[in-house]
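Student: Okay, so here is structure24.csv, and as you'll see once you scroll down, it has CSV, C-alpha atoms.
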```csv
chain,number,residue,atom,x,y,z
W,1,HIS,CA,-12.8,-182.7,6.1
W,2,SER,CA,-12.6,-179.2,4.9
W,3,THR,CA,-10.2,-176.9,6.7
W,4,ALA,CA,-11.8,-173.7,5.4
W,5,SER,CA,-13.5,-171.5,7.9
W,6,LEU,CA,-16.1,-168.9,7.5
W,7,ASP,CA,-16.1,-165.7,9.6
W,8,CYS,CA,-19.7,-165.1,10.8
W,9,ASP,CA,-20.2,-161.8,12.6
W,10,THR,CA,-23.8,-161.1,11.6
W,11,TRP,CA,-26.9,-163.0,10.8
W,12,GLU,CA,-26.3,-162.2,7.1
W,13,ASP,CA,-22.9,-163.8,7.4
W,14,ILE,CA,-24.4,-166.9,8.9
W,15,THR,CA,-27.0,-167.1,6.1
W,16,ALA,CA,-24.3,-166.8,3.5
W,17,ALA,CA,-22.2,-169.4,5.2
W,18,ARG,CA,-25.0,-171.8,5.4
W,19,ALA,CA,-25.8,-171.3,1.7
W,20,ARG,CA,-22.1,-172.0,0.8
W,21,ILE,CA,-22.1,-175.1,2.9
W,22,ARG,CA,-25.3,-176.4,1.3
W,23,ASP,CA,-23.9,-175.6,-2.2
W,24,ASP,CA,-20.9,-177.9,-1.6
W,25,GLY,CA,-22.3,-181.3,-2.3
W,26,ASN,CA,-19.2,-182.9,-0.9
W,27,VAL,CA,-19.9,-181.8,2.7
W,28,LEU,CA,-22.7,-184.3,3.3
W,29,ASP,CA,-20.6,-187.1,1.8
W,30,GLU,CA,-17.6,-186.2,3.9
W,31,TRP,CA,-19.7,-186.0,7.0
W,32,ILE,CA,-21.4,-189.4,6.4
W,33,ALA,CA,-17.9,-191.0,5.8
W,34,ALA,CA,-16.5,-189.4,9.0
W,35,VAL,CA,-19.5,-190.5,11.1
W,36,LYS,CA,-19.3,-194.1,9.7
W,37,ALA,CA,-15.6,-194.2,10.5
W,38,GLU,CA,-16.1,-192.8,14.0
W,39,LEU,CA,-18.8,-195.3,14.7
W,40,GLY,CA,-16.9,-198.2,13.1
W,41,ILE,CA,-19.6,-199.1,10.6
W,42,GLU,CA,-19.4,-199.9,6.9
W,43,LEU,CA,-22.8,-199.5,5.3
W,44,ASP,CA,-24.0,-198.1,2.0
W,45,VAL,CA,-27.5,-196.8,2.3
W,46,ASP,CA,-29.9,-194.8,0.1
W,47,THR,CA,-29.1,-191.4,1.6
W,48,ALA,CA,-31.7,-189.7,-0.6
W,49,ALA,CA,-34.5,-192.0,0.7
W,50,LEU,CA,-33.5,-191.3,4.3
W,51,LEU,CA,-33.5,-187.5,3.7
W,52,ASP,CA,-36.9,-187.8,2.0
W,53,LEU,CA,-38.1,-189.7,5.0
W,54,ALA,CA,-36.7,-187.0,7.4
W,55,ARG,CA,-38.4,-184.3,5.3
W,56,ASP,CA,-41.7,-186.1,5.2
W,57,ALA,CA,-41.6,-186.7,9.0
W,58,ALA,CA,-40.7,-183.1,9.7
W,59,HIS,CA,-43.4,-181.6,7.4
W,60,GLY,CA,-46.2,-184.2,8.0
W,61,VAL,CA,-45.7,-184.8,11.7
W,62,ALA,CA,-43.4,-182.2,13.5
W,63,ARG,CA,-39.9,-181.0,12.9
W,64,PRO,CA,-38.4,-183.0,15.8
W,65,ALA,CA,-39.9,-186.2,14.2
W,66,ALA,CA,-37.2,-186.1,11.5
W,67,PRO,CA,-34.1,-187.1,13.5
W,68,LEU,CA,-36.1,-189.3,15.8
W,69,THR,CA,-37.7,-191.2,12.9
W,70,THR,CA,-34.3,-191.7,11.2
W,71,PHE,CA,-32.8,-192.9,14.4
W,72,LEU,CA,-35.7,-195.4,14.9
W,73,VAL,CA,-35.2,-196.6,11.3
W,74,GLY,CA,-31.6,-197.4,12.1
W,75,TYR,CA,-32.5,-199.1,15.3
W,76,ALA,CA,-35.2,-201.2,13.6
W,77,ALA,CA,-32.7,-202.2,10.9
W,78,ALA,CA,-30.2,-203.2,13.5
W,79,GLN,CA,-32.9,-205.3,15.2
W,80,GLN,CA,-33.5,-207.1,11.9
W,81,GLY,CA,-29.8,-208.0,11.5
W,82,GLY,CA,-28.6,-204.8,10.0
W,83,GLY,CA,-27.4,-204.2,6.4
W,84,ALA,CA,-28.6,-202.0,3.6
W,85,GLU,CA,-31.7,-204.2,2.9
W,86,ALA,CA,-32.9,-203.9,6.5
W,87,VAL,CA,-32.4,-200.1,6.4
W,88,ALA,CA,-34.3,-199.9,3.1
W,89,GLU,CA,-37.2,-201.9,4.4
W,90,ALA,CA,-37.4,-199.9,7.6
W,91,THR,CA,-37.2,-196.7,5.6
W,92,ARG,CA,-40.0,-197.8,3.3
W,93,LYS,CA,-42.2,-198.7,6.3
W,94,ALA,CA,-41.6,-195.4,8.1
W,95,ALA,CA,-42.1,-193.4,4.8
W,96,ALA,CA,-45.4,-195.1,4.2
W,97,LEU,CA,-46.5,-194.3,7.8
W,98,ALA,CA,-45.4,-190.6,7.4
W,99,THR,CA,-47.5,-190.4,4.3
W,100,ARG,CA,-50.5,-191.9,6.0
W,101,TRP,CA,-50.0,-189.7,9.0
W,102,ALA,CA,-49.9,-186.6,6.9
W,103,GLU,CA,-53.1,-187.6,5.0
W,104,GLU,CA,-55.2,-188.1,8.2
W,105,PRO,CA,-57.6,-185.3,8.9
W,106,GLU,CA,-56.7,-183.3,12.0
```
Would you give me this structure, written as structure tokens?
Tutor:
Amino acid sequence: HSTASLDCDTWEDITAARARIRDDGNVLDEWIAAVKAELGIELDVDTAALLDLARDAAHGVARPAAPLTTFLVGYAAAQQGGGAEAVAEATRKAAALATRWAEEPE
């Protein structure tokens, strides 16, 4: 992982640091690789689809729905035997639900 550090003494510094971190496309890839190594898993998944699902859950349901939904997708995939196909299927189902949920009148 990156050994660079950012000195954040003000809210403006934090905003600038967050922007720099987001601009570095490698950070997410490095993080995912580190988490997979830490958890002892080897799995290639459609990261963009999971991020889209998290966004849709956050915007269409409530912000805390994003991490909880992606966790449940992972759990459901594991219950179905795991693997990229199971993750893709669970992601598809949850994304469809998030779309339906957002379209329902309040």
Student: Would you list the contacts of stretch 39-56 of chain W as a list in words, taking every protein, DNA or RNA residue within 6 Å and counting only C-alpha atoms, but skipping same-chain residues closer than 6 positions in sequence?
Tutor: Ala66, Ala84 and Ala95 of chain W
Student: Could you save those same residues with C-alpha atoms as a JSON list (two decimals), in the coordinates of the input?
Tutor:
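Written file, result25.json:
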```json
[["chain", "number", "residue", "atom", "x", "y", "z"],
["W", 66, "ALA", "CA", -37.20, -186.10, 11.50],
["W", 84, "ALA", "CA", -28.60, -202.00, 3.60],
["W", 95, "ALA", "CA", -42.10, -193.40, 4.80]]
```
Student: Hey, can you pull every residue with an atom no more than 12 Å from (-47.2, -182.0, 14.8), using all atoms listed in the file, and send it as a PyMOL selection string?
Tutor: chain W and resi 56-66+98+101-102+106
Student: Using all atoms listed in the file, determine which residues lie at most 7 Å from stretch 88-93 of chain W, disregarding the query and same-chain residues fewer than 5 positions distant; provide the list as a PyMOL selection string.
Tutor: chain W and resi 50+73+76-77
Student: In Å, rounded to a single decimal, give me how far atom CA of W:Ala86 is from atom CA of W:Thr69.
Tutor: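 The value is 15.0 Å.
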Student: Work out how far atom CA of W:Gln79 is from atom CA of W:Ile32, in Å to one decimal.
Tutor: 21.5 Å
Student: Nearest residue to W:Ala94 out of W:Thr70, W:Asn26, W:Thr15, W:Gln80, using all atoms listed in the file?
Tutor: W:Thr70
Student: Work out how far atom CA of W:Asp29 is from atom CA of W:Ala16, in Å to one decimal.
Tutor: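 Value for the atom CA of W:Ala16-atom CA of W:Asp29 distance: 20.7 Å.
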